file data-v6.cif (mmCIF, C-alpha atoms)
data_target
loop_
_atom_site.label_atom_id
_atom_site.label_comp_id
_atom_site.auth_asym_id
_atom_site.auth_seq_id
_atom_site.Cartn_x
_atom_site.Cartn_y
_atom_site.Cartn_z
CA MET A 119 85.28 81.87 158.08
CA GLU A 120 88.10 84.18 159.05
CA SER A 121 90.29 81.12 159.40
CA VAL A 122 89.71 79.76 155.90
CA GLY A 123 89.92 82.69 153.52
CA LEU A 124 88.68 83.13 150.02
CA VAL A 125 90.93 80.83 147.98
CA PRO A 126 89.81 77.42 149.36
CA VAL A 127 86.17 78.38 148.83
CA LEU A 128 86.91 79.29 145.24
CA CYS A 129 88.77 76.01 144.76
CA VAL A 130 85.70 74.09 145.97
CA SER A 131 83.61 76.18 143.59
CA VAL A 132 85.92 75.34 140.67
CA VAL A 133 85.78 71.62 141.46
CA LEU A 134 81.98 71.66 141.55
CA PHE A 135 81.75 73.71 138.36
CA VAL A 136 84.15 71.46 136.45
CA THR A 137 82.27 68.40 137.67
CA GLY A 138 79.10 69.92 136.25
CA VAL A 139 80.80 70.69 132.94
CA ALA A 140 82.05 67.11 132.72
CA GLY A 141 78.54 65.86 133.41
CA VAL A 142 77.02 68.07 130.72
CA LEU A 143 79.58 66.94 128.17
CA THR A 144 79.69 63.22 128.92
CA ARG A 145 76.23 62.12 130.02
CA LYS A 146 73.49 61.15 127.58
CA ASN A 147 70.48 61.31 129.91
CA ALA A 148 68.79 64.70 129.56
CA LEU A 149 67.75 64.76 133.22
CA ILE A 150 71.28 64.16 134.45
CA VAL A 151 72.51 66.88 132.10
CA PHE A 152 69.96 69.19 133.76
CA MET A 153 71.19 68.20 137.20
CA SER A 154 74.77 68.91 136.12
CA VAL A 155 73.66 72.39 135.06
CA GLU A 156 72.16 72.86 138.52
CA LEU A 157 75.50 71.79 139.99
CA MET A 158 77.27 74.44 137.91
CA LEU A 159 74.80 77.10 139.07
CA ASN A 160 75.47 76.10 142.67
CA ALA A 161 79.21 76.35 142.17
CA VAL A 162 78.74 79.91 140.92
CA ASN A 163 76.48 80.64 143.91
CA LEU A 164 79.20 79.45 146.26
CA SER A 165 81.73 81.87 144.82
CA PHE A 166 79.14 84.68 144.87
CA VAL A 167 78.57 84.11 148.58
CA ALA A 168 82.31 83.87 149.23
CA PHE A 169 83.00 87.17 147.49
CA ALA A 170 80.10 88.79 149.32
CA ARG A 171 81.56 87.58 152.61
CA GLN A 172 84.97 88.88 151.66
CA ASN A 173 83.70 92.32 150.69
CA GLY A 174 81.31 92.49 153.63
CA GLU A 175 78.48 93.55 151.32
CA ALA A 176 75.11 92.07 150.46
CA ASP A 177 75.46 92.27 146.67
CA GLY A 178 76.88 88.79 146.18
CA MET A 179 74.19 87.18 148.31
CA ILE A 180 71.50 89.02 146.35
CA TYR A 181 73.01 87.72 143.13
CA ALA A 182 72.90 84.23 144.62
CA VAL A 183 69.20 84.64 145.39
CA PHE A 184 68.58 85.79 141.82
CA VAL A 185 70.51 82.82 140.46
CA MET A 186 68.29 80.52 142.51
CA ALA A 187 65.14 82.18 141.12
CA VAL A 188 66.42 81.80 137.56
CA ALA A 189 67.35 78.17 138.29
CA ALA A 190 63.83 77.51 139.53
CA ALA A 191 62.38 78.98 136.33
CA GLU A 192 64.85 77.00 134.24
CA ALA A 193 64.00 73.77 136.04
CA ALA A 194 60.27 74.28 135.53
CA VAL A 195 60.55 74.98 131.80
CA GLY A 196 63.30 72.42 131.22
CA LEU A 197 61.46 69.59 132.94
CA ALA A 198 58.32 70.47 131.01
CA MET A 199 60.39 70.17 127.83
CA VAL A 200 61.73 66.80 128.97
CA ILE A 201 58.19 65.55 129.60
CA LEU A 202 57.14 66.81 126.18
CA LEU A 203 60.11 65.10 124.55
CA PHE A 204 59.38 61.87 126.36
CA ARG A 205 55.75 62.02 125.28
CA ASN A 206 56.68 62.51 121.62
CA ARG A 207 59.81 60.36 121.29
CA VAL A 208 59.64 58.00 124.32
CA THR A 209 63.26 58.70 125.16
CA VAL A 210 65.32 61.19 127.09
CA LYS A 211 68.63 60.11 125.56
CA LEU A 212 70.14 63.17 123.98
CA ASP A 213 71.80 61.12 121.22
CA ASP A 214 68.39 60.10 119.91
CA LEU A 215 67.18 63.68 119.69
CA ASP A 216 68.98 64.78 116.54
CA ILE A 217 66.11 65.80 114.28
CA MET A 218 67.42 69.36 114.11
CA LYS A 219 70.83 68.19 112.88
CA GLY A 220 71.55 69.76 109.52
CA MET B 238 90.21 76.60 163.50
CA PHE B 239 87.04 74.65 164.29
CA GLU B 240 85.25 76.54 161.53
CA ALA B 241 88.00 75.66 159.09
CA VAL B 242 87.74 71.95 159.91
CA LEU B 243 83.98 72.09 159.46
CA PHE B 244 84.36 73.96 156.19
CA TYR B 245 86.76 71.40 154.73
CA LEU B 246 84.56 68.53 155.92
CA PHE B 247 81.37 70.01 154.44
CA SER B 248 83.15 70.94 151.21
CA LEU B 249 84.60 67.47 150.87
CA VAL B 250 81.17 65.88 151.21
CA ALA B 251 79.73 68.40 148.75
CA MET B 252 82.44 67.67 146.18
CA VAL B 253 82.17 63.90 146.56
CA SER B 254 78.40 63.98 146.17
CA GLY B 255 78.82 66.38 143.24
CA VAL B 256 81.01 63.80 141.52
CA GLY B 257 78.34 61.24 142.43
CA VAL B 258 75.74 63.25 140.50
CA VAL B 259 77.77 62.84 137.34
CA THR B 260 78.90 59.24 137.79
CA MET B 261 75.81 57.52 139.21
CA ARG B 262 74.07 55.11 136.88
CA ASN B 263 70.57 55.55 138.28
CA PRO B 264 68.99 59.01 137.80
CA ILE B 265 67.26 58.76 141.19
CA ALA B 266 70.59 58.09 142.90
CA SER B 267 72.02 61.01 140.97
CA ALA B 268 69.22 63.31 142.15
CA LEU B 269 69.59 62.24 145.78
CA SER B 270 73.33 62.79 145.54
CA LEU B 271 72.58 66.29 144.28
CA VAL B 272 70.32 66.87 147.30
CA VAL B 273 73.18 65.88 149.61
CA CYS B 274 75.44 68.28 147.73
CA PHE B 275 72.92 71.11 148.17
CA PHE B 276 72.58 70.46 151.91
CA PHE B 277 76.30 70.60 152.50
CA LEU B 278 76.63 73.69 150.35
CA ALA B 279 73.98 75.25 152.57
CA ALA B 280 76.15 74.32 155.56
CA ASP B 281 79.04 76.12 153.87
CA TYR B 282 76.83 79.17 153.42
CA VAL B 283 76.05 79.15 157.14
CA LEU B 284 79.78 79.07 157.86
CA MET B 285 80.16 82.10 155.58
CA ASP B 286 77.46 83.96 157.60
CA ALA B 287 75.03 83.87 154.66
CA HIS B 288 72.16 82.54 156.74
CA PHE B 289 69.36 83.71 154.46
CA VAL B 290 71.00 82.21 151.37
CA ALA B 291 71.47 78.94 153.25
CA VAL B 292 67.79 78.77 154.18
CA ILE B 293 66.74 79.64 150.62
CA GLN B 294 69.15 77.02 149.31
CA ILE B 295 67.42 74.32 151.34
CA LEU B 296 63.87 75.55 150.74
CA VAL B 297 64.13 76.30 147.03
CA TYR B 298 66.88 74.00 145.78
CA ALA B 299 66.79 70.94 148.00
CA GLY B 300 63.06 71.37 148.50
CA ALA B 301 61.23 72.64 145.47
CA ILE B 302 63.58 72.08 142.54
CA MET B 303 64.83 68.65 143.54
CA VAL B 304 61.31 67.45 144.38
CA LEU B 305 60.39 68.48 140.84
CA PHE B 306 63.36 66.54 139.46
CA VAL B 307 62.60 63.40 141.46
CA PHE B 308 58.94 63.67 140.51
CA VAL B 309 59.76 63.84 136.80
CA ILE B 310 62.28 60.99 137.02
CA MET B 311 59.71 58.78 138.74
CA LEU B 312 56.99 59.93 136.34
CA LEU B 313 59.06 58.92 133.33
CA ASN B 314 60.15 55.71 135.10
CA LEU B 315 63.73 55.95 133.92
CA ARG B 316 65.32 52.87 135.33
CA ASP B 317 68.63 52.24 133.66
CA GLY B 318 70.46 55.34 132.65
CA ASP B 319 73.73 55.48 130.88
CA HIS B 320 76.79 55.94 133.03
CA LEU B 321 80.40 56.86 132.64
CA THR B 322 82.06 53.69 131.48
CA PHE B 323 85.62 53.54 132.59
CA ASN B 324 86.51 50.32 130.80
CA ASP B 325 85.39 51.32 127.33
CA ILE B 326 86.13 55.01 127.16
CA GLY B 327 84.29 56.53 124.24
CA ARG B 328 85.19 59.55 122.23
CA ARG B 329 82.56 61.59 124.06
CA SER B 330 84.07 60.82 127.45
CA VAL B 331 87.58 61.67 126.28
CA VAL B 332 86.47 64.96 124.73
CA GLY B 333 84.27 65.87 127.71
CA MET B 334 86.86 65.04 130.34
CA GLY B 335 89.57 66.79 128.34
CA THR B 336 87.49 69.95 128.04
CA ALA B 337 86.60 69.85 131.72
CA GLY B 338 90.26 69.31 132.63
CA LEU B 339 91.38 72.25 130.51
CA LEU B 340 88.70 74.41 132.11
CA ALA B 341 89.86 73.30 135.56
CA ILE B 342 93.46 74.23 134.72
CA GLY B 343 92.35 77.65 133.51
CA LEU B 344 90.17 78.36 136.54
CA PHE B 345 92.78 77.20 139.05
CA THR B 346 95.33 79.41 137.30
CA ALA B 347 92.90 82.30 137.64
CA ILE B 348 92.55 81.60 141.36
CA GLY B 349 96.31 81.52 141.63
CA GLN B 350 96.40 85.01 140.13
CA LEU B 351 93.75 86.28 142.53
CA PRO B 352 95.91 87.40 145.47
CA VAL B 353 97.99 89.39 142.99
CA LEU B 354 94.96 91.11 141.53
CA VAL B 355 93.16 91.63 144.85
CA PRO B 356 95.76 92.30 147.53
CA ALA B 357 93.33 91.87 150.43
CA ALA B 358 91.91 88.62 149.10
CA ILE B 359 93.14 86.55 152.02
CA ASP B 360 91.92 88.74 154.85
CA LEU B 361 88.30 88.41 155.78
CA ASP B 362 86.84 91.13 157.92
CA PRO B 363 84.75 89.87 160.80
CA ALA B 364 81.16 90.35 159.82
CA GLY B 365 78.74 92.34 161.92
CA PRO B 366 75.96 90.52 163.76
CA ALA B 367 73.37 91.66 161.21
CA TYR B 368 75.31 90.37 158.18
CA GLY B 369 73.42 87.77 156.17
CA THR B 370 70.09 88.13 157.93
CA ILE B 371 66.83 88.65 156.08
CA ALA B 372 66.65 92.28 157.22
CA TYR B 373 70.18 92.94 155.94
CA ILE B 374 69.54 91.41 152.53
CA GLY B 375 66.06 92.89 152.24
CA THR B 376 67.31 96.38 153.01
CA ALA B 377 70.13 96.05 150.50
CA MET B 378 67.78 94.62 147.89
CA PHE B 379 64.87 97.03 148.13
CA GLU B 380 66.69 100.22 149.01
CA GLY B 381 69.60 99.62 146.70
CA LYS B 382 69.93 99.03 143.00
CA PHE B 383 68.18 95.66 142.97
CA LEU B 384 64.54 96.73 143.01
CA LEU B 385 64.08 96.55 139.25
CA PRO B 386 65.89 93.18 138.91
CA PHE B 387 63.70 91.82 141.71
CA GLU B 388 60.52 92.79 139.89
CA THR B 389 61.95 91.43 136.64
CA VAL B 390 62.58 88.09 138.35
CA SER B 391 58.93 87.95 139.41
CA ALA B 392 57.91 88.50 135.78
CA LEU B 393 60.39 85.80 134.72
CA LEU B 394 58.91 83.31 137.17
CA THR B 395 55.40 84.05 135.90
CA VAL B 396 56.54 83.51 132.32
CA ALA B 397 58.24 80.26 133.34
CA VAL B 398 55.09 78.95 135.04
CA VAL B 399 52.93 79.79 132.03
CA GLY B 400 55.54 78.31 129.68
CA ALA B 401 55.78 75.09 131.66
CA VAL B 402 52.00 74.66 131.62
CA VAL B 403 51.80 75.38 127.89
CA LEU B 404 54.63 72.94 127.13
CA ALA B 405 53.59 70.05 129.31
CA LYS B 406 49.82 70.13 128.91
CA LYS B 407 48.44 68.00 126.12
CA GLU B 408 45.64 70.36 125.17
CA ILE B 409 44.84 73.67 126.75
#
call {"tool": "encode", "arguments": {"input": "data-v6.cif", "output": "structure tokens"}}
result
Amino acid sequence: MESVGLVPVLCVSVVLFVTGVAGVLTRKNALIVFMSVELMLNAVNLSFVAFARQNGEADGMIYAVFVMAVAAAEAAVGLAMVILLFRNRVTVKLDDLDIMKG
Amino acid sequence: MFEAVLFYLFSLVAMVSGVGVVTMRNPIASALSLVVCFFFLAADYVLMDAHFVAVIQILVYAGAIMVLFVFVIMLLNLRDGDHLTFNDIGRRSVVGMGTAGLLAIGLFTAIGQLPVLVPAAIDLDPAGPAYGTIAYIGTAMFEGKFLLPFETVSALLTVAVVGAVVLAKKEI
């Protein structure tokens, strides 16, 4: 990667992150919103790895591994919540889940 | 040069499939698009000499997490999802795209400032042969300052497993 440098990697990371943000804000399906969050986490991982490569240290890669562990935990709990919601309300459309609206 | 071509190719596929995650109508197609994105991100990690992270990306993300997603989608039998409608653009789409666009402008501006803030940001040192291997990361993790966070993550995963069982099970 000596021939690419840091900036293009960060640009790819920004594109992926913004795509995930757009997905979270525009989609109604709870599962696709979850997948967009995973996309955002991966964008952050990409910039972690790029900075680790640039500094020649392991810290960024270790952060990336931790982010993956947290993402696995989040996916397990989040999908359990989606199943629970579907069992109670028979929908995963986020617009229909407004019982906590004041 | 060859590495650069590969990097741009892999990144292009990753970005296109990332956009596919957001725009696909069918949740299964969205999930498979996300798997493609993860695989090509793993290829990018290999190009950046982060071999261990690349393997973990495929095993944990493309393997475990996405299997869980696909399993739940098929379990709930979600056939027709909503999708981004380009002909009748709702208020939600306008607000969401506007926010994402503003965020993109801000982040690209920040990247533009980066070479000023970090003078050596363009130069990448050639990595040693051990960089990115399991031994390298394991040594840095367990002999460095990451021992306590590592143990905390194991506690977090245990809590997540118990929480998922408690949430999803009808009666315990």
call {"tool": "residues_around", "arguments": {"input": "data-v6.cif", "residues": "Pro264 (chain B)", "least_positions_apart": "4", "cutoff": "12 Å", "atoms": "only C-alpha atoms", "output": "PyMOL selection string"}}
result
(chain A and resi 145-154+210) or (chain B and resi 257-260+268-271+303+306-311+313-320)
call {"tool": "write_last_selection", "arguments": {"input": "data-v6.cif", "atoms": "C-alpha atoms", "output": "mmCIF file, in the frame of the given file"}}
result
data_model
loop_
_atom_site.group_PDB
_atom_site.id
_atom_site.type_symbol
_atom_site.label_atom_id
_atom_site.label_comp_id
_atom_site.auth_asym_id
_atom_site.auth_seq_id
_atom_site.Cartn_x
_atom_site.Cartn_y
_atom_site.Cartn_z
ATOM 1 C CA ARG A 145 76.230 62.120 130.020
ATOM 2 C CA LYS A 146 73.490 61.150 127.580
ATOM 3 C CA ASN A 147 70.480 61.310 129.910
ATOM 4 C CA ALA A 148 68.790 64.700 129.560
ATOM 5 C CA LEU A 149 67.750 64.760 133.220
ATOM 6 C CA ILE A 150 71.280 64.160 134.450
ATOM 7 C CA VAL A 151 72.510 66.880 132.100
ATOM 8 C CA PHE A 152 69.960 69.190 133.760
ATOM 9 C CA MET A 153 71.190 68.200 137.200
ATOM 10 C CA SER A 154 74.770 68.910 136.120
ATOM 11 C CA VAL A 210 65.320 61.190 127.090
ATOM 12 C CA GLY B 257 78.340 61.240 142.430
ATOM 13 C CA VAL B 258 75.740 63.250 140.500
ATOM 14 C CA VAL B 259 77.770 62.840 137.340
ATOM 15 C CA THR B 260 78.900 59.240 137.790
ATOM 16 C CA ALA B 268 69.220 63.310 142.150
ATOM 17 C CA LEU B 269 69.590 62.240 145.780
ATOM 18 C CA SER B 270 73.330 62.790 145.540
ATOM 19 C CA LEU B 271 72.580 66.290 144.280
ATOM 20 C CA MET B 303 64.830 68.650 143.540
ATOM 21 C CA PHE B 306 63.360 66.540 139.460
ATOM 22 C CA VAL B 307 62.600 63.400 141.460
ATOM 23 C CA PHE B 308 58.940 63.670 140.510
ATOM 24 C CA VAL B 309 59.760 63.840 136.800
ATOM 25 C CA ILE B 310 62.280 60.990 137.020
ATOM 26 C CA MET B 311 59.710 58.780 138.740
ATOM 27 C CA LEU B 313 59.060 58.920 133.330
ATOM 28 C CA ASN B 314 60.150 55.710 135.100
ATOM 29 C CA LEU B 315 63.730 55.950 133.920
ATOM 30 C CA ARG B 316 65.320 52.870 135.330
ATOM 31 C CA ASP B 317 68.630 52.240 133.660
ATOM 32 C CA GLY B 318 70.460 55.340 132.650
ATOM 33 C CA ASP B 319 73.730 55.480 130.880
ATOM 34 C CA HIS B 320 76.790 55.940 133.030
#
call {"tool": "closest_residue", "arguments": {"input": "data-v6.cif", "among": "B:Thr346, B:Gln294, B:Val256, B:Leu351", "to": "Phe184 (chain A)", "atoms": "all atoms listed in the file"}}
result
B:Gln294
call {"tool": "closest_atom_pairs", "arguments": {"input": "data-v6.cif", "of": "region 135-192 of chain A", "to": "region 399-407 of chain B", "cutoff": "12 Å", "atoms": "all atoms listed in the file", "output": "JSON lines"}}
result
{"residue": "A:Ala190", "atom": "CA", "partner": "B:Ala401", "partner_atom": "CA", "distance": 11.5}
{"residue": "A:Ala191", "atom": "CA", "partner": "B:Ala401", "partner_atom": "CA", "distance": 9.0}
{"residue": "A:Glu192", "atom": "CA", "partner": "B:Ala401", "partner_atom": "CA", "distance": 9.6}
call {"tool": "resolve_selection", "arguments": {"input": "data-v6.cif", "expression": "the PyMOL selection byres ((chain A and resi 137) around 9)", "output": "MDAnalysis selection string"}}
result
(chainID A and resid 132:136 138:142 154 157:158) or (chainID B and resid 252 255:256 258:259 337)
call {"tool": "closest_residue", "arguments": {"input": "data-v6.cif", "among": "A:Val200, A:Met218, A:Leu212, A:Ala161", "to": "Cys274 (chain B)", "atoms": "all atoms listed in the file"}}
result
A:Ala161
call {"tool": "atom_distance", "arguments": {"input": "data-v6.cif", "atom1": "CA of Ala291 (chain B)", "atom2": "CA of Ala168 (chain A)"}}
result
12.6 Å
